[in-house]
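Participant: Have a peek at query-v1.tsv (TSV, C-alpha atoms and all ligand atoms).
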chain	number	residue	atom	x	y	z
A	1	MET	CA	151.58	-60.42	165.99
A	2	SER	CA	147.78	-60.28	165.95
A	3	LYS	CA	145.99	-56.96	165.50
A	4	LYS	CA	144.30	-55.27	168.44
A	5	ILE	CA	140.77	-54.30	167.42
A	6	GLY	CA	139.24	-51.38	169.30
A	7	PHE	CA	135.56	-50.47	169.47
A	8	ILE	CA	134.24	-47.08	170.51
A	9	GLY	CA	130.56	-47.66	171.27
A	10	VAL	CA	129.51	-51.19	172.19
A	11	GLY	CA	125.86	-51.18	171.14
A	12	ASN	CA	123.85	-53.34	168.75
A	13	MET	CA	126.14	-53.17	165.75
A	14	ALA	CA	129.45	-53.43	167.62
A	15	SER	CA	128.05	-56.51	169.40
A	16	ALA	CA	127.10	-58.05	166.05
A	17	ILE	CA	130.61	-57.44	164.67
A	18	ILE	CA	132.27	-58.74	167.85
A	19	GLY	CA	130.05	-61.86	167.73
A	20	GLY	CA	131.19	-62.64	164.17
A	21	ILE	CA	134.91	-61.95	164.50
A	22	THR	CA	135.25	-63.89	167.77
A	23	SER	CA	133.28	-66.93	166.58
A	24	VAL	CA	133.64	-67.44	162.80
A	25	GLY	CA	136.64	-65.09	162.53
A	26	GLY	CA	138.59	-66.76	165.35
A	27	VAL	CA	139.72	-63.46	166.89
A	28	PRO	CA	140.46	-64.06	170.60
A	29	PHE	CA	138.63	-61.77	173.04
A	30	SER	CA	142.05	-60.79	174.38
A	31	ASP	CA	142.62	-58.92	171.07
A	32	LEU	CA	139.61	-56.67	171.71
A	33	VAL	CA	139.80	-53.26	173.35
A	34	LEU	CA	136.48	-51.63	174.19
A	35	TYR	CA	134.97	-48.42	175.47
A	36	ASP	CA	131.32	-47.48	175.84
A	37	ARG	CA	129.85	-44.58	177.82
A	38	LEU	CA	127.75	-47.20	179.60
A	39	PRO	CA	130.35	-49.55	181.14
A	40	GLU	CA	127.76	-52.31	181.67
A	41	LYS	CA	127.59	-52.78	177.88
A	42	CYS	CA	131.19	-54.06	177.99
A	43	GLU	CA	130.80	-56.36	181.00
A	44	ILE	CA	129.91	-59.50	179.03
A	45	TYR	CA	133.09	-59.08	176.94
A	46	ALA	CA	135.28	-58.26	179.96
A	47	ASN	CA	134.23	-61.60	181.42
A	48	GLN	CA	135.52	-63.30	178.26
A	49	GLY	CA	138.90	-61.57	178.31
A	50	ALA	CA	138.42	-58.32	176.38
A	51	ARG	CA	140.21	-55.23	177.69
A	52	ILE	CA	137.86	-52.48	178.80
A	53	LEU	CA	139.27	-48.95	178.85
A	54	SER	CA	137.81	-45.74	180.12
A	55	SER	CA	137.99	-43.24	177.26
A	56	GLU	CA	137.83	-42.94	173.48
A	57	CYS	CA	141.51	-41.93	173.27
A	58	GLU	CA	142.68	-44.84	175.43
A	59	VAL	CA	140.97	-47.29	173.08
A	60	ALA	CA	142.37	-45.51	170.02
A	61	GLU	CA	145.90	-45.62	171.42
A	62	ALA	CA	145.66	-49.32	172.36
A	63	SER	CA	144.28	-50.43	168.95
A	64	ASP	CA	145.66	-51.21	165.51
A	65	VAL	CA	142.18	-51.21	163.99
A	66	LEU	CA	139.63	-48.80	165.44
A	67	VAL	CA	135.91	-49.34	164.82
A	68	LEU	CA	133.79	-46.21	165.33
A	69	ALA	CA	130.38	-47.61	166.31
A	70	VAL	CA	128.48	-44.67	167.79
A	71	LYS	CA	125.43	-42.91	166.32
A	72	PRO	CA	126.15	-40.42	163.51
A	73	GLN	CA	124.97	-37.51	165.68
A	74	GLY	CA	127.87	-38.24	168.08
A	75	PHE	CA	130.55	-38.01	165.39
A	76	PRO	CA	131.46	-34.30	165.51
A	77	GLU	CA	132.30	-34.58	169.20
A	78	LEU	CA	133.95	-38.00	168.85
A	79	LEU	CA	136.22	-36.87	166.01
A	80	LYS	CA	137.25	-33.76	167.96
A	81	THR	CA	138.21	-35.98	170.90
A	82	LEU	CA	140.04	-38.57	168.78
A	83	ALA	CA	142.07	-35.91	166.98
A	84	GLY	CA	143.97	-35.61	170.28
A	85	ALA	CA	144.81	-39.35	170.52
A	86	LYS	CA	148.47	-40.32	170.11
A	87	GLU	CA	149.37	-41.77	166.67
A	88	ILE	CA	145.76	-41.70	165.53
A	89	ALA	CA	146.98	-41.19	161.94
A	90	ASN	CA	148.65	-44.64	162.06
A	91	LYS	CA	145.47	-46.54	162.89
A	92	LEU	CA	143.17	-48.30	160.46
A	93	ILE	CA	139.82	-46.61	161.06
A	94	VAL	CA	136.57	-48.46	160.32
A	95	THR	CA	133.38	-46.41	160.44
A	96	ILE	CA	129.89	-47.89	160.35
A	97	ALA	CA	127.89	-44.69	160.92
A	98	ALA	CA	125.13	-43.88	158.46
A	99	GLY	CA	125.93	-40.80	156.41
A	100	ILE	CA	129.41	-40.04	157.83
A	101	THR	CA	131.82	-39.88	154.91
A	102	VAL	CA	135.41	-41.08	154.58
A	103	ASP	CA	136.45	-37.48	153.81
A	104	THR	CA	134.92	-36.16	157.04
A	105	ILE	CA	136.87	-38.67	159.12
A	106	SER	CA	140.08	-38.37	157.08
A	107	ALA	CA	140.05	-34.58	157.44
A	108	ALA	CA	139.34	-34.65	161.18
A	109	LEU	CA	141.95	-37.33	162.01
A	110	LYS	CA	144.46	-36.41	159.29
A	111	THR	CA	144.62	-39.94	157.94
A	112	SER	CA	143.79	-41.64	154.65
A	113	SER	CA	143.39	-45.02	156.33
A	114	VAL	CA	139.60	-45.06	156.66
A	115	VAL	CA	137.16	-47.75	155.52
A	116	ARG	CA	133.44	-46.98	155.53
A	117	VAL	CA	131.10	-49.93	156.08
A	118	LEU	CA	127.34	-50.18	156.22
A	119	PRO	CA	126.23	-53.26	158.12
A	120	ASN	CA	122.70	-54.37	159.05
A	121	THR	CA	121.13	-55.98	162.12
A	122	PRO	CA	120.76	-59.54	160.70
A	123	MET	CA	124.52	-59.60	161.37
A	124	LEU	CA	123.51	-60.36	164.95
A	125	ILE	CA	122.75	-63.93	163.84
A	126	GLY	CA	125.48	-64.22	161.20
A	127	LYS	CA	123.10	-63.41	158.32
A	128	GLY	CA	124.09	-59.80	157.70
A	129	VAL	CA	124.80	-57.89	154.55
A	130	SER	CA	127.64	-55.38	154.89
A	131	VAL	CA	128.29	-52.89	152.15
A	132	ILE	CA	131.91	-51.70	152.10
A	133	CYS	CA	133.21	-48.65	150.23
A	134	SER	CA	136.08	-49.42	147.94
A	135	SER	CA	139.20	-47.43	148.76
A	136	GLU	CA	142.25	-46.32	146.82
A	137	THR	CA	144.00	-44.96	149.89
A	138	VAL	CA	143.86	-47.99	152.20
A	139	SER	CA	146.41	-50.76	151.58
A	140	PRO	CA	145.02	-53.99	150.03
A	141	GLU	CA	146.04	-55.91	153.20
A	142	ASP	CA	144.13	-53.50	155.46
A	143	PHE	CA	141.11	-53.49	153.14
A	144	ASP	CA	141.06	-57.31	153.03
A	145	PHE	CA	141.28	-57.37	156.82
A	146	VAL	CA	138.15	-55.22	157.09
A	147	VAL	CA	136.34	-57.38	154.52
A	148	SER	CA	137.21	-60.49	156.54
A	149	MET	CA	135.89	-58.86	159.74
A	150	PHE	CA	132.47	-58.35	158.16
A	151	LYS	CA	132.42	-61.64	156.21
A	152	ALA	CA	132.49	-63.32	159.61
A	153	SER	CA	128.87	-62.31	160.10
A	154	GLY	CA	127.35	-62.51	156.65
A	155	GLU	CA	127.74	-61.38	153.07
A	156	VAL	CA	129.87	-58.46	151.89
A	157	VAL	CA	129.18	-56.20	148.92
A	158	ILE	CA	131.80	-53.68	147.74
A	159	ILE	CA	130.64	-50.44	146.11
A	160	ASP	CA	131.84	-46.94	145.33
A	161	GLU	CA	131.27	-44.40	148.13
A	162	THR	CA	129.18	-42.22	145.80
A	163	GLU	CA	126.46	-44.92	146.09
A	164	MET	CA	126.71	-45.34	149.85
A	165	ASN	CA	123.96	-42.99	151.07
A	166	ARG	CA	121.49	-44.47	148.56
A	167	ILE	CA	122.33	-48.08	149.47
A	168	ILE	CA	121.38	-47.42	153.12
A	169	SER	CA	117.74	-47.57	152.02
A	170	VAL	CA	118.37	-50.88	150.23
A	171	THR	CA	120.32	-53.11	152.63
A	172	SER	CA	120.69	-51.33	155.95
A	173	SER	CA	117.46	-49.55	156.95
A	174	SER	CA	115.50	-52.13	154.99
A	175	PRO	CA	115.33	-54.87	157.66
A	176	ALA	CA	112.97	-52.43	159.41
A	177	TYR	CA	110.68	-52.41	156.34
A	178	VAL	CA	110.69	-56.21	156.30
A	179	PHE	CA	109.79	-56.32	160.01
A	180	ALA	CA	107.00	-53.81	159.35
A	181	PHE	CA	105.74	-55.99	156.48
A	182	ILE	CA	105.78	-59.10	158.70
A	183	LYS	CA	103.96	-57.20	161.46
A	184	ALA	CA	101.38	-55.97	158.94
A	185	ILE	CA	100.68	-59.56	157.82
A	186	CYS	CA	100.24	-60.66	161.46
A	187	ASP	CA	98.00	-57.64	162.13
A	188	GLY	CA	96.02	-58.52	158.98
A	189	ALA	CA	95.55	-62.04	160.36
A	190	THR	CA	94.30	-60.60	163.67
A	191	ALA	CA	91.92	-58.29	161.80
A	192	GLN	CA	90.35	-61.42	160.30
A	193	GLY	CA	89.84	-63.01	163.72
A	194	LEU	CA	92.97	-65.21	163.67
A	195	ASP	CA	95.65	-65.17	166.37
A	196	GLY	CA	98.20	-63.05	164.48
A	197	GLU	CA	100.72	-63.11	167.32
A	198	SER	CA	100.92	-66.91	167.43
A	199	LEU	CA	101.29	-66.95	163.62
A	200	LEU	CA	104.48	-64.83	163.73
A	201	SER	CA	106.78	-67.83	163.41
A	202	ALA	CA	104.83	-69.21	160.41
A	203	VAL	CA	104.94	-65.79	158.75
A	204	CYS	CA	108.72	-65.56	159.30
A	205	ASP	CA	109.14	-69.02	157.72
A	206	MET	CA	107.03	-67.88	154.77
A	207	VAL	CA	109.25	-64.80	154.29
A	208	ILE	CA	112.49	-66.82	154.59
A	209	GLY	CA	111.15	-69.48	152.21
A	210	SER	CA	109.97	-66.89	149.68
A	211	ALA	CA	113.34	-65.09	149.75
A	212	MET	CA	115.23	-68.38	149.32
A	213	LEU	CA	112.96	-69.42	146.45
A	214	LEU	CA	113.62	-66.09	144.79
A	215	LYS	CA	117.39	-66.44	145.28
A	216	GLN	CA	117.61	-70.06	144.18
A	217	GLY	CA	114.65	-70.52	141.84
A	218	GLY	CA	116.16	-68.86	138.77
A	219	LYS	CA	113.11	-66.64	138.25
A	220	THR	CA	112.56	-62.90	138.50
A	221	PRO	CA	110.30	-61.41	141.23
A	222	ALA	CA	107.63	-60.77	138.55
A	223	GLU	CA	107.80	-64.43	137.42
A	224	GLN	CA	107.51	-65.66	141.03
A	225	ILE	CA	104.49	-63.37	141.56
A	226	SER	CA	102.78	-64.79	138.50
A	227	MET	CA	103.44	-68.37	139.72
A	228	VAL	CA	101.42	-67.58	142.89
A	229	THR	CA	98.75	-65.56	141.11
A	230	SER	CA	96.24	-67.65	139.18
A	231	LYS	CA	93.72	-65.94	136.96
A	232	GLY	CA	90.57	-65.05	138.88
A	233	GLY	CA	92.05	-66.40	142.13
A	234	THR	CA	92.60	-65.14	145.67
A	235	THR	CA	96.13	-63.75	145.22
A	236	GLU	CA	95.04	-61.78	142.17
A	237	ARG	CA	92.44	-60.02	144.31
A	238	ALA	CA	95.03	-59.23	147.03
A	239	MET	CA	97.62	-58.02	144.52
A	240	GLY	CA	94.98	-55.75	143.01
A	241	VAL	CA	94.66	-53.95	146.36
A	242	LEU	CA	98.47	-53.61	146.69
A	243	GLN	CA	98.69	-52.16	143.17
A	244	GLU	CA	95.76	-49.81	143.74
A	245	ARG	CA	97.45	-48.51	146.92
A	246	ASP	CA	100.74	-48.24	144.94
A	247	LEU	CA	103.04	-50.39	147.08
A	248	THR	CA	105.94	-49.65	144.70
A	249	GLY	CA	105.33	-45.90	144.98
A	250	ILE	CA	105.17	-46.10	148.78
A	251	MET	CA	108.49	-48.00	148.89
A	252	GLU	CA	110.10	-45.51	146.52
A	253	GLU	CA	108.97	-42.59	148.69
A	254	ALA	CA	110.18	-44.26	151.91
A	255	MET	CA	113.57	-45.09	150.40
A	256	LYS	CA	114.07	-41.57	149.05
A	257	ALA	CA	113.25	-40.20	152.53
A	258	CYS	CA	115.92	-42.53	153.95
A	259	THR	CA	118.53	-41.29	151.46
A	260	ALA	CA	117.57	-37.66	152.12
A	261	ARG	CA	118.28	-38.18	155.84
A	262	ALA	CA	121.64	-39.85	155.05
A	263	ASP	CA	122.51	-36.83	152.86
A	264	GLU	CA	121.59	-34.49	155.74
A	265	LEU	CA	123.88	-36.45	158.08
A	266	SER	CA	126.65	-36.18	155.46
A	267	GLY	CA	126.18	-32.41	155.48
A	268	HIS	CA	124.83	-32.22	151.88
A	301	LIG	N1	121.28	-50.33	163.83
A	301	LIG	C1	121.41	-50.53	162.53
A	301	LIG	O1	120.62	-51.22	161.87
A	301	LIG	C2	122.58	-49.93	161.81
A	301	LIG	C3	122.84	-50.30	160.47
A	301	LIG	C4	123.94	-49.73	159.82
A	301	LIG	C5	124.75	-48.82	160.45
A	301	LIG	N2	124.45	-48.48	161.73
A	301	LIG	C6	125.31	-47.51	162.40
A	301	LIG	O2	125.96	-48.14	163.47
A	301	LIG	C7	126.27	-47.17	164.47
A	301	LIG	C8	125.92	-47.74	165.82
A	301	LIG	O3	124.54	-48.07	165.83
A	301	LIG	P1	123.94	-48.99	166.97
A	301	LIG	O4	122.57	-49.36	166.51
A	301	LIG	O5	124.91	-50.05	167.35
A	301	LIG	O6	123.85	-47.90	168.16
A	301	LIG	P2	123.70	-48.15	169.74
A	301	LIG	O7	123.12	-49.51	169.99
A	301	LIG	O8	123.04	-46.94	170.27
A	301	LIG	O9	125.21	-48.21	170.25
A	301	LIG	C9	126.05	-47.10	170.36
A	301	LIG	C10	126.68	-47.11	171.75
A	301	LIG	O10	127.76	-46.18	171.76
A	301	LIG	C11	127.66	-45.41	172.96
A	301	LIG	N3	128.36	-44.15	172.74
A	301	LIG	C12	127.92	-43.02	172.16
A	301	LIG	N4	128.90	-42.11	172.10
A	301	LIG	C13	130.00	-42.68	172.63
A	301	LIG	C14	131.32	-42.26	172.84
A	301	LIG	N5	131.75	-41.05	172.46
A	301	LIG	N6	132.19	-43.12	173.40
A	301	LIG	C15	131.79	-44.36	173.77
A	301	LIG	N7	130.54	-44.82	173.63
A	301	LIG	C16	129.65	-44.00	173.05
A	301	LIG	C17	126.18	-45.26	173.16
A	301	LIG	O11	125.89	-44.82	174.46
A	301	LIG	P3	124.61	-43.84	174.67
A	301	LIG	O12	123.41	-44.67	174.37
A	301	LIG	O13	124.73	-43.43	176.10
A	301	LIG	O14	124.77	-42.71	173.71
A	301	LIG	C18	125.72	-46.69	172.86
A	301	LIG	O15	125.90	-47.53	173.98
A	301	LIG	C19	125.48	-45.90	164.12
A	301	LIG	O16	126.36	-44.93	163.63
A	301	LIG	C20	124.54	-46.33	163.01
A	301	LIG	O17	124.34	-45.33	162.04
A	301	LIG	C21	123.40	-49.02	162.44
Would you give me this structure, written as structure tokens?
Ligand SMILES: NC(=O)c1ccc[n+]([C@@H]2O[C@H](COP(=O)([O-])OP(=O)(O)OC[C@H]3O[C@@H](n4cnc5c(N)ncnc54)[C@H](OP(=O)(O)O)[C@@H]3O)[C@@H](O)[C@H]2O)c1

Facilitator:
Amino acid sequence: MSKKIGFIGVGNMASAIIGGITSVGGVPFSDLVLYDRLPEKCEIYANQGARILSSECEVAEASDVLVLAVKPQGFPELLKTLAGAKEIANKLIVTIAAGITVDTISAALKTSSVVRVLPNTPMLIGKGVSVICSSETVSPEDFDFVVSMFKASGEVVIIDETEMNRIISVTSSSPAYVFAFIKAICDGATAQGLDGESLLSAVCDMVIGSAMLLKQGGKTPAEQISMVTSKGGTTERAMGVLQERDLTGIMEEAMKACTARADELSGH
């Protein structure tokens, strides 16, 4: 019998996961059980055959696998509510909330069957990177099931939970830095009298091409930089400004701030 997959919270990330498992993963919509505080978020899936329920506990009770996809700030209340759901300890719990630890959920729901995953928004188009915490308490079959759910919308990396809060700044919050970088290049074009907005697509292609060259070209980032930077040329002048303003230092500071917030959410 196929597993019923429940989602509590049907926002951006739940939609990305649902998109992957129902297309690439081949999970029928009839195996999905959903609840969001805003019922209109579920409508599109109801039309395709998903079952929409009207409380967190109803979804928990109707699911074999339960994905907790609400904001971290909502977890204390959510866990209190779910602790009252029937047979909650027999469910495979998947949490995607930044900073909420396996121990916090295990203690609240009295279960060891919890997998913590950190997805990112490129999952929405099947190009995500999901970082999954390894687990000694979840059965290999259940763990592989969770891996397959996230592989349906991109790449999966498995790490130890001790690294999880730090990796948020690397693969999960980081699409925002890339979007900021792209916007800054477009704004820089506008500042020089070009039409930065209409150049957005070309800039995106440049970023995709550069990333693919880096992945496939067999060279380090430093080697790729030196291939673009000829002595006394234009790039050298631009890179001089980035070095003077300490781009690496700025990134380090931003990423440490990200980790500090994840630690706060974890209660450290
Ligand atoms: N966005 C990212 O890039 C990203 C990356 C990695 C991990 N995450 C994690 O993914 C989780 C979800 O993020 P998201 O961006 O998908 O958030 P989102 O778009 O705000 O979706 C969450 C949805 O859950 C609803 N909700 C909140 N509490 C609920 C409850 N008790 N029962 C049912 N529905 C409830 C929210 O309604 P209201 O708006 O009314 O509260 C909202 O519709 C977060 O924990 C976040 O840390 C996000």

Participant: Of the candidates A:Ile5, A:Val170, A:Val147, A:Leu32, which shows the shortest atom-to-atom distance to ligand LIG 301 (chain A), using only C-alpha atoms and all ligand atoms?

Facilitator: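 Closest to ligand LIG 301 (chain A), using only C-alpha atoms and all ligand atoms: A:Val170.
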
Participant: Point out the residue among A:Arg116, A:Lys231, A:Lys183, A:Lys3 with the least atom-to-atom distance to A:Asp160, counting all atoms listed in the file.

Facilitator: A:Arg116

Participant: Could you report the residues within 6 Å of ligand LIG 301 (chain A), using all atoms listed in the file, as a PyMOL selection string?

Facilitator: chain A and resi 8-14+35-38+56+69-72+74+78+96-98+118-121+172

Participant: Choose the residue, out of A:Asp31, A:Asp144, A:Glu264, A:Glu223, that has the smallest atom-to-atom separation from A:Arg51; count all atoms listed in the file.

Facilitator: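 Among A:Asp31, A:Asp144, A:Glu264, A:Glu223, it is A:Asp31 that comes nearest to A:Arg51.
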
Participant: Show which residues sit within 8 Å of A:Met149, as a list of chain:residue names. Count only C-alpha atoms, and ignore same-chain residues fewer than 4 positions away.

Facilitator: A:Ile17, A:Gly20, A:Ile21, A:Gly25, A:Phe145, A:Ser153

Participant: How far is it from atom CA of A:Thr101 to atom CA of A:Met255, in Å with one decimal?

Facilitator: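 Rounded to one decimal, the two atoms are 19.5 Å apart.
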
Participant: My list of candidates is A:Cys186, A:Ile168, A:Ile100, A:Ala222. Which is closest to A:Gly267 when distances are computed with all atoms listed in the file?

Facilitator: A:Ile100

Participant: What does the structure give for the distance between atom CA of A:Ser130 and atom CA of A:Lys256, in Å to one decimal?

Facilitator: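 Between these atoms lies a distance of 20.2 Å.
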
Participant: Tell me, as a list in words, which residues lie within 10 Å of A:Thr162, counting only C-alpha atoms; anything in the same chain fewer than 4 positions away does not count.

Facilitator: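 The residues satisfying every condition are Thr101, Cys133, Arg166 and Ile167 of chain A.
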
Participant: At what distance in Å, to one decimal, does atom CA of A:Glu141 lie from atom CA of A:Val33?

Facilitator: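 Separation between atom CA of A:Val33 and atom CA of A:Glu141: 21.3 Å.
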
Participant: Please determine, counting only C-alpha atoms, which residue among A:Val102, A:Leu109, A:Cys57, A:Ile208 has the shortest atom-to-atom distance to A:Glu136.

Facilitator: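 Closest residue, counting only C-alpha atoms: A:Val102.
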
Participant: Could you write stretch 59-136 of chain A of the block just shown to a file containing C-alpha atoms, as a JSON list (two decimals), in the first residue's frame?

Facilitator:
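Output file out-v5.json follows:
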[["chain", "number", "residue", "atom", "x", "y", "z"],
["A", 59, "VAL", "CA", -3.57, 15.59, 8.89],
["A", 60, "ALA", "CA", -1.23, 13.88, 11.35],
["A", 61, "GLU", "CA", -3.72, 11.09, 11.99],
["A", 62, "ALA", "CA", -4.40, 10.54, 8.27],
["A", 63, "SER", "CA", -0.69, 10.40, 7.28],
["A", 64, "ASP", "CA", 2.11, 7.86, 7.34],
["A", 65, "VAL", "CA", 4.71, 10.54, 6.63],
["A", 66, "LEU", "CA", 4.12, 13.99, 8.08],
["A", 67, "VAL", "CA", 5.97, 17.02, 6.67],
["A", 68, "LEU", "CA", 6.09, 20.00, 9.05],
["A", 69, "ALA", "CA", 6.36, 22.98, 6.70],
["A", 70, "VAL", "CA", 5.50, 26.01, 8.83],
["A", 71, "LYS", "CA", 7.84, 28.82, 9.91],
["A", 72, "PRO", "CA", 10.17, 28.01, 12.84],
["A", 73, "GLN", "CA", 8.41, 30.60, 15.04],
["A", 74, "GLY", "CA", 5.21, 28.51, 14.79],
["A", 75, "PHE", "CA", 6.83, 25.30, 16.05],
["A", 76, "PRO", "CA", 6.29, 25.58, 19.82],
["A", 77, "GLU", "CA", 2.54, 25.90, 19.30],
["A", 78, "LEU", "CA", 2.43, 23.31, 16.50],
["A", 79, "LEU", "CA", 4.30, 20.69, 18.54],
["A", 80, "LYS", "CA", 2.02, 21.26, 21.53],
["A", 81, "THR", "CA", -1.00, 20.67, 19.28],
["A", 82, "LEU", "CA", 0.48, 17.61, 17.55],
["A", 83, "ALA", "CA", 1.40, 15.97, 20.85],
["A", 84, "GLY", "CA", -2.35, 15.37, 21.21],
["A", 85, "ALA", "CA", -2.73, 13.61, 17.82],
["A", 86, "LYS", "CA", -3.53, 9.89, 17.90],
["A", 87, "GLU", "CA", -0.55, 7.58, 17.19],
["A", 88, "ILE", "CA", 1.73, 10.52, 16.46],
["A", 89, "ALA", "CA", 4.69, 8.43, 17.73],
["A", 90, "ASN", "CA", 4.14, 5.97, 14.84],
["A", 91, "LYS", "CA", 4.48, 8.56, 12.09],
["A", 92, "LEU", "CA", 7.61, 9.38, 10.13],
["A", 93, "ILE", "CA", 8.10, 13.08, 10.79],
["A", 94, "VAL", "CA", 9.95, 15.27, 8.27],
["A", 95, "THR", "CA", 10.84, 18.78, 9.39],
["A", 96, "ILE", "CA", 12.14, 21.49, 7.07],
["A", 97, "ALA", "CA", 12.17, 24.39, 9.54],
["A", 98, "ALA", "CA", 15.38, 26.36, 9.91],
["A", 99, "GLY", "CA", 16.94, 25.89, 13.33],
["A", 100, "ILE", "CA", 14.41, 23.40, 14.78],
["A", 101, "THR", "CA", 16.34, 20.35, 15.94],
["A", 102, "VAL", "CA", 15.49, 16.66, 15.77],
["A", 103, "ASP", "CA", 15.74, 16.50, 19.58],
["A", 104, "THR", "CA", 13.16, 19.28, 20.03],
["A", 105, "ILE", "CA", 10.64, 17.43, 17.87],
["A", 106, "SER", "CA", 11.48, 13.98, 19.26],
["A", 107, "ALA", "CA", 11.02, 15.22, 22.82],
["A", 108, "ALA", "CA", 7.73, 17.00, 22.10],
["A", 109, "LEU", "CA", 6.17, 14.13, 20.10],
["A", 110, "LYS", "CA", 7.86, 11.27, 21.99],
["A", 111, "THR", "CA", 9.20, 9.69, 18.82],
["A", 112, "SER", "CA", 12.64, 8.93, 17.40],
["A", 113, "SER", "CA", 11.31, 8.83, 13.85],
["A", 114, "VAL", "CA", 12.27, 12.36, 12.78],
["A", 115, "VAL", "CA", 14.25, 13.44, 9.71],
["A", 116, "ARG", "CA", 15.46, 17.03, 9.48],
["A", 117, "VAL", "CA", 15.83, 18.47, 5.99],
["A", 118, "LEU", "CA", 16.97, 21.85, 4.74],
["A", 119, "PRO", "CA", 15.66, 22.56, 1.27],
["A", 120, "ASN", "CA", 16.01, 25.72, -0.84],
["A", 121, "THR", "CA", 13.70, 27.64, -3.18],
["A", 122, "PRO", "CA", 15.28, 26.51, -6.50],
["A", 123, "MET", "CA", 13.40, 23.30, -5.67],
["A", 124, "LEU", "CA", 10.39, 25.11, -7.11],
["A", 125, "ILE", "CA", 11.81, 24.42, -10.59],
["A", 126, "GLY", "CA", 13.40, 21.04, -9.81],
["A", 127, "LYS", "CA", 16.87, 22.53, -9.29],
["A", 128, "GLY", "CA", 17.00, 22.48, -5.50],
["A", 129, "VAL", "CA", 19.66, 21.41, -3.07],
["A", 130, "SER", "CA", 18.30, 19.67, 0.01],
["A", 131, "VAL", "CA", 20.58, 18.94, 2.92],
["A", 132, "ILE", "CA", 19.37, 15.99, 5.01],
["A", 133, "CYS", "CA", 20.59, 15.11, 8.50],
["A", 134, "SER", "CA", 21.81, 11.57, 8.81],
["A", 135, "SER", "CA", 19.92, 9.58, 11.43],
["A", 136, "GLU", "CA", 20.68, 6.53, 13.53]]
